[in-house]
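Q: Below is the file target-v8.tsv, with TSV, N, CA and C atoms.
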```
chain	number	residue	atom	x	y	z
H	279	MET	N	20.77	17.56	-22.60
H	279	MET	CA	20.74	18.72	-21.72
H	279	MET	C	20.12	18.37	-20.37
H	280	ALA	N	19.05	17.61	-20.39
H	280	ALA	CA	18.39	17.22	-19.15
H	280	ALA	C	19.30	16.36	-18.29
H	281	GLU	N	20.12	15.52	-18.93
H	281	GLU	CA	21.05	14.67	-18.19
H	281	GLU	C	22.10	15.52	-17.48
H	282	LEU	N	22.60	16.56	-18.15
H	282	LEU	CA	23.59	17.45	-17.55
H	282	LEU	C	23.00	18.18	-16.35
H	283	GLU	N	21.78	18.70	-16.48
H	283	GLU	CA	21.11	19.37	-15.36
H	283	GLU	C	20.93	18.42	-14.18
H	284	GLN	N	20.54	17.20	-14.46
H	284	GLN	CA	20.35	16.19	-13.41
H	284	GLN	C	21.66	15.91	-12.69
H	285	GLU	N	22.74	15.77	-13.48
H	285	GLU	CA	24.06	15.51	-12.89
H	285	GLU	C	24.50	16.67	-12.00
H	286	LEU	N	24.31	17.89	-12.46
H	286	LEU	CA	24.69	19.06	-11.67
H	286	LEU	C	23.89	19.14	-10.38
H	287	ARG	N	22.61	18.87	-10.44
H	287	ARG	CA	21.77	18.90	-9.24
H	287	ARG	C	22.22	17.86	-8.23
H	288	SER	N	22.61	16.68	-8.70
H	288	SER	CA	22.99	15.61	-7.79
H	288	SER	C	24.32	15.90	-7.09
H	289	LYS	N	25.14	16.79	-7.64
H	289	LYS	CA	26.44	17.11	-7.04
H	289	LYS	C	26.35	18.22	-6.00
H	290	ARG	N	25.23	18.88	-5.89
H	290	ARG	CA	25.07	19.93	-4.88
H	290	ARG	C	24.99	19.32	-3.49
H	291	ALA	N	25.54	20.03	-2.54
H	291	ALA	CA	25.45	19.58	-1.15
H	291	ALA	C	24.01	19.69	-0.68
H	292	PRO	N	23.46	18.66	-0.03
H	292	PRO	CA	22.06	18.69	0.39
H	292	PRO	C	21.78	19.74	1.46
H	293	HIS	N	22.78	20.18	2.21
H	293	HIS	CA	22.59	21.15	3.29
H	293	HIS	C	22.91	22.59	2.84
H	294	GLU	N	23.15	22.78	1.57
H	294	GLU	CA	23.53	24.11	1.06
H	294	GLU	C	22.40	25.11	1.31
H	295	ARG	N	22.73	26.23	2.01
H	295	ARG	CA	21.72	27.25	2.32
H	295	ARG	C	22.08	28.60	1.70
H	296	ARG	N	23.17	28.69	1.01
H	296	ARG	CA	23.61	29.95	0.44
H	296	ARG	C	22.65	30.42	-0.64
H	297	ARG	N	22.36	31.73	-0.60
H	297	ARG	CA	21.46	32.32	-1.59
H	297	ARG	C	22.21	32.90	-2.77
H	298	ALA	N	23.53	33.11	-2.62
H	298	ALA	CA	24.32	33.70	-3.69
H	298	ALA	C	25.72	33.12	-3.67
H	299	ARG	N	26.37	33.14	-4.82
H	299	ARG	CA	27.73	32.63	-4.93
H	299	ARG	C	28.69	33.47	-4.10
H	300	ARG	N	29.59	32.82	-3.39
H	300	ARG	CA	30.58	33.51	-2.56
H	300	ARG	C	31.90	33.60	-3.31
H	301	TYR	N	32.58	34.73	-3.09
H	301	TYR	CA	33.87	34.96	-3.71
H	301	TYR	C	34.91	35.13	-2.62
H	302	ARG	N	35.95	34.34	-2.70
H	302	ARG	CA	37.03	34.44	-1.72
H	302	ARG	C	37.87	35.67	-2.06
H	303	VAL	N	37.87	36.63	-1.15
H	303	VAL	CA	38.58	37.89	-1.40
H	303	VAL	C	38.95	38.51	-0.06
H	304	ASP	N	40.13	39.08	0.01
H	304	ASP	CA	40.60	39.75	1.23
H	304	ASP	C	40.49	41.26	1.04
H	305	LEU	N	39.44	41.85	1.61
H	305	LEU	CA	39.23	43.29	1.53
H	305	LEU	C	39.27	43.88	2.93
H	306	PRO	N	39.82	45.07	3.08
H	306	PRO	CA	39.78	45.72	4.39
H	306	PRO	C	38.34	46.03	4.79
H	307	VAL	N	38.03	45.83	6.06
H	307	VAL	CA	36.72	46.15	6.64
H	307	VAL	C	36.95	47.18	7.73
H	308	GLU	N	36.18	48.25	7.69
H	308	GLU	CA	36.26	49.29	8.73
H	308	GLU	C	34.89	49.47	9.35
H	309	PHE	N	34.85	49.53	10.68
H	309	PHE	CA	33.60	49.79	11.38
H	309	PHE	C	33.93	50.49	12.69
H	310	GLU	N	32.91	51.09	13.30
H	310	GLU	CA	33.13	51.80	14.55
H	310	GLU	C	33.68	50.85	15.60
H	311	GLY	N	34.84	51.17	16.13
H	311	GLY	CA	35.44	50.36	17.17
H	311	GLY	C	36.38	49.28	16.67
H	312	GLY	N	36.59	49.17	15.35
H	312	GLY	CA	37.50	48.13	14.90
H	312	GLY	C	37.69	48.06	13.41
H	313	THR	N	38.50	47.08	13.03
H	313	THR	CA	38.76	46.80	11.62
H	313	THR	C	38.77	45.29	11.44
H	314	GLY	N	38.85	44.87	10.21
H	314	GLY	CA	38.91	43.45	9.91
H	314	GLY	C	39.31	43.23	8.47
H	315	VAL	N	39.23	41.98	8.05
H	315	VAL	CA	39.53	41.59	6.68
H	315	VAL	C	38.52	40.54	6.25
H	316	THR	N	37.93	40.72	5.06
H	316	THR	CA	36.97	39.73	4.59
H	316	THR	C	37.66	38.42	4.28
H	317	ARG	N	36.92	37.35	4.42
H	317	ARG	CA	37.36	36.02	3.99
H	317	ARG	C	36.61	35.64	2.71
H	318	ASN	N	35.32	35.99	2.68
H	318	ASN	CA	34.55	35.82	1.45
H	318	ASN	C	33.39	36.81	1.46
H	319	VAL	N	32.92	37.10	0.25
H	319	VAL	CA	31.85	38.09	0.06
H	319	VAL	C	30.90	37.55	-1.00
H	320	SER	N	29.61	37.83	-0.82
H	320	SER	CA	28.63	37.51	-1.85
H	320	SER	C	27.71	38.72	-1.98
H	321	GLN	N	26.76	38.61	-2.87
H	321	GLN	CA	25.80	39.68	-3.06
H	321	GLN	C	24.93	39.87	-1.82
H	322	THR	N	24.79	38.82	-1.01
H	322	THR	CA	23.88	38.87	0.13
H	322	THR	C	24.55	38.77	1.49
H	323	GLY	N	25.86	38.51	1.51
H	323	GLY	CA	26.50	38.34	2.81
H	323	GLY	C	28.01	38.49	2.77
H	324	VAL	N	28.60	38.43	3.96
H	324	VAL	CA	30.03	38.60	4.10
H	324	VAL	C	30.52	37.78	5.30
H	325	LEU	N	31.74	37.27	5.19
H	325	LEU	CA	32.42	36.64	6.31
H	325	LEU	C	33.72	37.39	6.49
H	326	PHE	N	33.95	37.94	7.70
H	326	PHE	CA	35.18	38.66	7.93
H	326	PHE	C	35.80	38.31	9.27
H	327	ALA	N	37.12	38.46	9.34
H	327	ALA	CA	37.89	38.21	10.55
H	327	ALA	C	38.16	39.55	11.22
H	328	THR	N	38.05	39.57	12.55
H	328	THR	CA	38.26	40.80	13.31
H	328	THR	C	38.68	40.47	14.74
H	329	ALA	N	39.24	41.45	15.40
H	329	ALA	CA	39.59	41.28	16.82
H	329	ALA	C	38.41	41.64	17.72
H	330	GLN	N	37.37	42.27	17.14
H	330	GLN	CA	36.21	42.72	17.90
H	330	GLN	C	35.15	41.63	17.98
H	331	GLU	N	34.67	41.35	19.16
H	331	GLU	CA	33.60	40.37	19.34
H	331	GLU	C	32.28	40.93	18.85
H	332	ALA	N	31.46	40.08	18.27
H	332	ALA	CA	30.10	40.44	17.85
H	332	ALA	C	29.17	39.36	18.36
H	333	LYS	N	27.89	39.67	18.39
H	333	LYS	CA	26.88	38.71	18.85
H	333	LYS	C	25.85	38.49	17.74
H	334	VAL	N	25.37	37.26	17.64
H	334	VAL	CA	24.33	36.94	16.67
H	334	VAL	C	23.14	37.87	16.91
H	335	GLY	N	22.65	38.46	15.84
H	335	GLY	CA	21.54	39.39	15.93
H	335	GLY	C	21.97	40.85	15.92
H	336	ASP	N	23.26	41.12	16.21
H	336	ASP	CA	23.77	42.50	16.16
H	336	ASP	C	23.60	43.05	14.75
H	337	LEU	N	23.32	44.34	14.66
H	337	LEU	CA	23.30	45.05	13.39
H	337	LEU	C	24.65	45.76	13.28
H	338	VAL	N	25.38	45.49	12.20
H	338	VAL	CA	26.72	46.03	12.03
H	338	VAL	C	26.73	46.98	10.83
H	339	ASP	N	27.27	48.17	11.06
H	339	ASP	CA	27.44	49.18	10.02
H	339	ASP	C	28.94	49.20	9.69
H	340	PHE	N	29.32	48.79	8.49
H	340	PHE	CA	30.74	48.69	8.15
H	340	PHE	C	31.00	49.12	6.71
H	341	ASN	N	32.27	49.31	6.41
H	341	ASN	CA	32.70	49.69	5.06
H	341	ASN	C	33.68	48.66	4.53
H	342	LEU	N	33.48	48.27	3.28
H	342	LEU	CA	34.46	47.45	2.55
H	342	LEU	C	35.24	48.42	1.67
H	343	ILE	N	36.57	48.31	1.66
H	343	ILE	CA	37.40	49.23	0.90
H	343	ILE	C	37.93	48.51	-0.33
H	344	LEU	N	37.57	49.01	-1.51
H	344	LEU	CA	38.05	48.46	-2.78
H	344	LEU	C	39.12	49.37	-3.37
H	345	GLY	N	40.06	48.81	-4.09
H	345	GLY	CA	41.10	49.60	-4.74
H	345	GLY	C	42.13	50.16	-3.79
H	346	GLU	N	42.35	49.48	-2.67
H	346	GLU	CA	43.28	49.96	-1.65
H	346	GLU	C	44.69	50.17	-2.21
H	347	HIS	N	45.08	49.37	-3.18
H	347	HIS	CA	46.43	49.46	-3.72
H	347	HIS	C	46.48	50.17	-5.07
H	348	ASP	N	45.41	50.82	-5.46
H	348	ASP	CA	45.33	51.55	-6.72
H	348	ASP	C	45.24	53.04	-6.42
H	349	ALA	N	46.33	53.77	-6.61
H	349	ALA	CA	46.37	55.19	-6.27
H	349	ALA	C	45.37	56.01	-7.07
H	350	GLY	N	44.96	55.53	-8.23
H	350	GLY	CA	44.05	56.29	-9.08
H	350	GLY	C	42.58	56.04	-8.82
H	351	TRP	N	42.26	55.03	-8.02
H	351	TRP	CA	40.85	54.72	-7.82
H	351	TRP	C	40.64	53.97	-6.51
H	352	LYS	N	39.72	54.46	-5.71
H	352	LYS	CA	39.30	53.78	-4.48
H	352	LYS	C	37.80	53.90	-4.37
H	353	CYS	N	37.19	52.90	-3.78
H	353	CYS	CA	35.75	52.91	-3.59
H	353	CYS	C	35.44	52.29	-2.23
H	354	ARG	N	34.48	52.88	-1.55
H	354	ARG	CA	34.04	52.35	-0.27
H	354	ARG	C	32.61	51.84	-0.47
H	355	ILE	N	32.38	50.60	-0.05
H	355	ILE	CA	31.03	50.04	-0.06
H	355	ILE	C	30.53	50.11	1.38
H	356	ALA	N	29.59	50.99	1.63
H	356	ALA	CA	29.01	51.15	2.97
H	356	ALA	C	27.89	50.12	3.12
H	357	CYS	N	27.96	49.28	4.15
H	357	CYS	CA	27.01	48.18	4.34
H	357	CYS	C	26.37	48.22	5.71
H	358	ILE	N	25.15	47.74	5.77
H	358	ILE	CA	24.47	47.46	7.02
H	358	ILE	C	24.11	45.98	6.96
H	359	ALA	N	24.51	45.22	7.98
H	359	ALA	CA	24.30	43.78	7.95
H	359	ALA	C	23.91	43.26	9.32
H	360	SER	N	23.22	42.14	9.32
H	360	SER	CA	22.81	41.47	10.55
H	360	SER	C	23.71	40.26	10.77
H	361	VAL	N	24.31	40.17	11.96
H	361	VAL	CA	25.21	39.07	12.28
H	361	VAL	C	24.40	37.78	12.43
H	362	VAL	N	24.81	36.74	11.69
H	362	VAL	CA	24.10	35.47	11.73
H	362	VAL	C	24.92	34.34	12.36
H	363	ARG	N	26.26	34.51	12.41
H	363	ARG	CA	27.10	33.49	13.02
H	363	ARG	C	28.41	34.13	13.48
H	364	VAL	N	28.91	33.69	14.63
H	364	VAL	CA	30.18	34.18	15.17
H	364	VAL	C	30.98	32.98	15.66
H	365	SER	N	32.26	32.93	15.29
H	365	SER	CA	33.14	31.85	15.73
H	365	SER	C	34.41	32.46	16.32
H	366	HIS	N	34.80	31.97	17.49
H	366	HIS	CA	36.06	32.42	18.10
H	366	HIS	C	37.17	31.59	17.49
H	367	VAL	N	38.14	32.24	16.87
H	367	VAL	CA	39.23	31.55	16.20
H	367	VAL	C	40.54	32.18	16.62
H	368	GLY	N	41.40	31.40	17.27
H	368	GLY	CA	42.67	31.95	17.74
H	368	GLY	C	42.42	33.12	18.67
H	369	GLY	N	43.06	34.25	18.37
H	369	GLY	CA	42.87	35.45	19.19
H	369	GLY	C	41.82	36.39	18.65
H	370	GLY	N	41.01	35.94	17.69
H	370	GLY	CA	40.02	36.84	17.09
H	370	GLY	C	38.70	36.15	16.83
H	371	TRP	N	37.93	36.75	15.94
H	371	TRP	CA	36.57	36.30	15.66
H	371	TRP	C	36.33	36.24	14.15
H	372	LEU	N	35.55	35.26	13.73
H	372	LEU	CA	35.02	35.22	12.37
H	372	LEU	C	33.55	35.58	12.49
H	373	VAL	N	33.15	36.58	11.74
H	373	VAL	CA	31.79	37.09	11.81
H	373	VAL	C	31.12	36.91	10.45
H	374	ALA	N	30.01	36.18	10.42
H	374	ALA	CA	29.21	36.01	9.21
H	374	ALA	C	27.99	36.92	9.34
H	375	ALA	N	27.74	37.71	8.31
H	375	ALA	CA	26.64	38.67	8.38
H	375	ALA	C	25.84	38.69	7.08
H	376	ASP	N	24.55	38.86	7.22
H	376	ASP	CA	23.60	38.94	6.12
H	376	ASP	C	23.42	40.42	5.77
H	377	ILE	N	23.84	40.82	4.57
H	377	ILE	CA	23.79	42.24	4.18
H	377	ILE	C	22.35	42.66	3.94
H	378	GLN	N	21.92	43.70	4.65
H	378	GLN	CA	20.57	44.25	4.54
H	378	GLN	C	20.49	45.36	3.49
H	379	ALA	N	21.55	46.19	3.44
H	379	ALA	CA	21.59	47.32	2.50
H	379	ALA	C	23.04	47.70	2.26
H	380	TYR	N	23.31	48.28	1.09
H	380	TYR	CA	24.65	48.77	0.80
H	380	TYR	C	24.60	49.87	-0.26
H	381	ARG	N	25.66	50.67	-0.30
H	381	ARG	CA	25.80	51.69	-1.33
H	381	ARG	C	27.29	51.92	-1.53
H	382	SER	N	27.67	52.29	-2.74
H	382	SER	CA	29.09	52.54	-3.01
H	382	SER	C	29.35	54.03	-3.11
H	383	VAL	N	30.55	54.40	-2.65
H	383	VAL	CA	30.97	55.80	-2.66
H	383	VAL	C	32.42	55.82	-3.12
H	384	GLN	N	32.71	56.54	-4.21
H	384	GLN	CA	34.10	56.66	-4.64
H	384	GLN	C	34.82	57.60	-3.70
H	385	ILE	N	36.04	57.24	-3.28
H	385	ILE	CA	36.80	58.08	-2.34
H	385	ILE	C	38.16	58.43	-2.94
```
Translate this structure into structure tokens?

A:
Amino acid sequence: MAELEQELRSKRAPHERRRARRYRVDLPVEFEGGTGVTRNVSQTGVLFATAQEAKVGDLVDFNLILGEHDAGWKCRIACIASVVRVSHVGGGWLVAADIQAYRSVQI
């Protein structure tokens, strides 16, 4: 067992700073002044693509929409997050944000 743990530790990237596992998922993002689509989501953060520029340090209030294609069930996850990284890609932006608080609301 100790050998397996040692092997797993040695395979981790030395620069890894993530606090939670990320899940690659495309969810609609809605916020005042724009929309976007997630690229990945974790318990502590989100990366989404949008046409709206953001700045590092901005506080963003946004909604993730779950069940968009399920007529019987939809849920909105209302989030407040702090922007930690912004990249200009093509005609839009990739925004990485650290989630400060969230709550779910069935719609």

Q: At a cut-off of 6 Å from (32.0, 54.3, -4.7) in the coordinates of the file, what residues are picked up using all atoms listed in the file, written as a ChimeraX atom specification?

A: /H:352-355,382-385

Q: When you count only C-alpha atoms, which of these residues is closest to Ile377 of chain H: H:Gly345, H:Pro306, H:Gly323, H:Gly312?

A: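 Selected residue with least distance to Ile377 of chain H: H:Gly323.
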
Q: Mind listing the helix (DSSP H, G or I) residues of chain H, per DSSP on the backbone, as an MDAnalysis selection string?

A: chainID H and resid 280:289

Q: In Å, how far is it from atom CA of Gly311 of chain H to atom CA of Ala349 of chain H?

A: 26.3 Å

Q: What's the separation between atom CA of Gly314 of chain H and atom CA of Asp376 of chain H, in Å to one decimal place?

A: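 Atom-to-atom, atom CA of Gly314 of chain H to atom CA of Asp376 of chain H, that is 16.4 Å.
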
Q: Assign secondary structure with DSSP using the backbone only, and return the residues of segment 292-353 of chain H in strand (DSSP E or B) as a list in words.

A: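 Reading the DSSP output for segment 292-353 of chain H, strand (DSSP E or B) covers Tyr301, Arg302, Pro306, Val307, Glu308, Phe309, Gly312, Thr313, Gly314, Val315, Thr316, Arg317, Asn318, Val319, Gly323, Val324, Leu325, Phe326, Ala327, Thr328, Leu337, Val338, Asp339, Phe340, Asn341, Leu342, Ile343, Leu344 and Cys353 of chain H.
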
Q: Rounded to one decimal place, report the atom C of Val364 of chain H-atom N of Asn318 of chain H distance in Å.

A: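 Atom N of Asn318 of chain H lies 14.0 Å from atom C of Val364 of chain H.
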
Q: What's around Asp304 of chain H at 8 Å? Count only N, CA and C atoms, leave out sequence neighbours fewer than 6 positions away in its own chain, and write the answer as a ChimeraX atom specification.

A: /H:314-319,343

Q: Could you check which of H:Asn341, H:Ala298, H:Val334, H:Leu305 is closest to Gln321 of chain H, using only N, CA and C atoms?

A: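 Answer, going by the shortest atom-to-atom distance: H:Ala298.
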
Q: Could you check which residues have any atom within 8 Å of (18.9, 39.1, 15.5), counting all atoms listed in the file with coordinates taken straight from the file, and then list them as a list of chain:residue names?

A: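 Counting all atoms listed in the file, I find these residues within 8 Å of (18.9, 39.1, 15.5): H:Lys333, H:Val334, H:Gly335, H:Asp336, H:Leu337, H:Ser360, H:Val361, H:Val362.
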
Q: Of the candidates H:Leu342, H:Ile358, H:Ala332, H:Leu325, which one gets nearest to Val307 of chain H if we count only N, CA and C atoms?

A: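 Of the candidates, the smallest distance to Val307 of chain H is held by H:Leu342.
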
Q: From the list H:Ala327, H:Glu310, H:Ala356, H:Arg300, which residue is nearest Trp371 of chain H when using only C-alpha atoms?

A: H:Ala327

Q: Env of Phe309 of chain H: 8 Å cut, atoms = only C-alpha atoms, seq-sep filter 5 positions within chain, self excluded. Answer as JSON, numbers by chain.

A: {"H": [338, 339, 340, 341]}

Q: With distances taken over only C-alpha atoms, which residue among H:Glu346, H:Thr322, H:Thr328, H:Arg363 lies nearest Gln378 of chain H?

A: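 Under the stated criterion, the closest residue is H:Thr322.
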
Q: Rank nothing, just name the residue among H:Ser320, H:Phe326, H:Ser365, H:Gly370 nearest to Arg299 of chain H, using all atoms listed in the file.

A: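 Nearest to Arg299 of chain H: H:Ser320.
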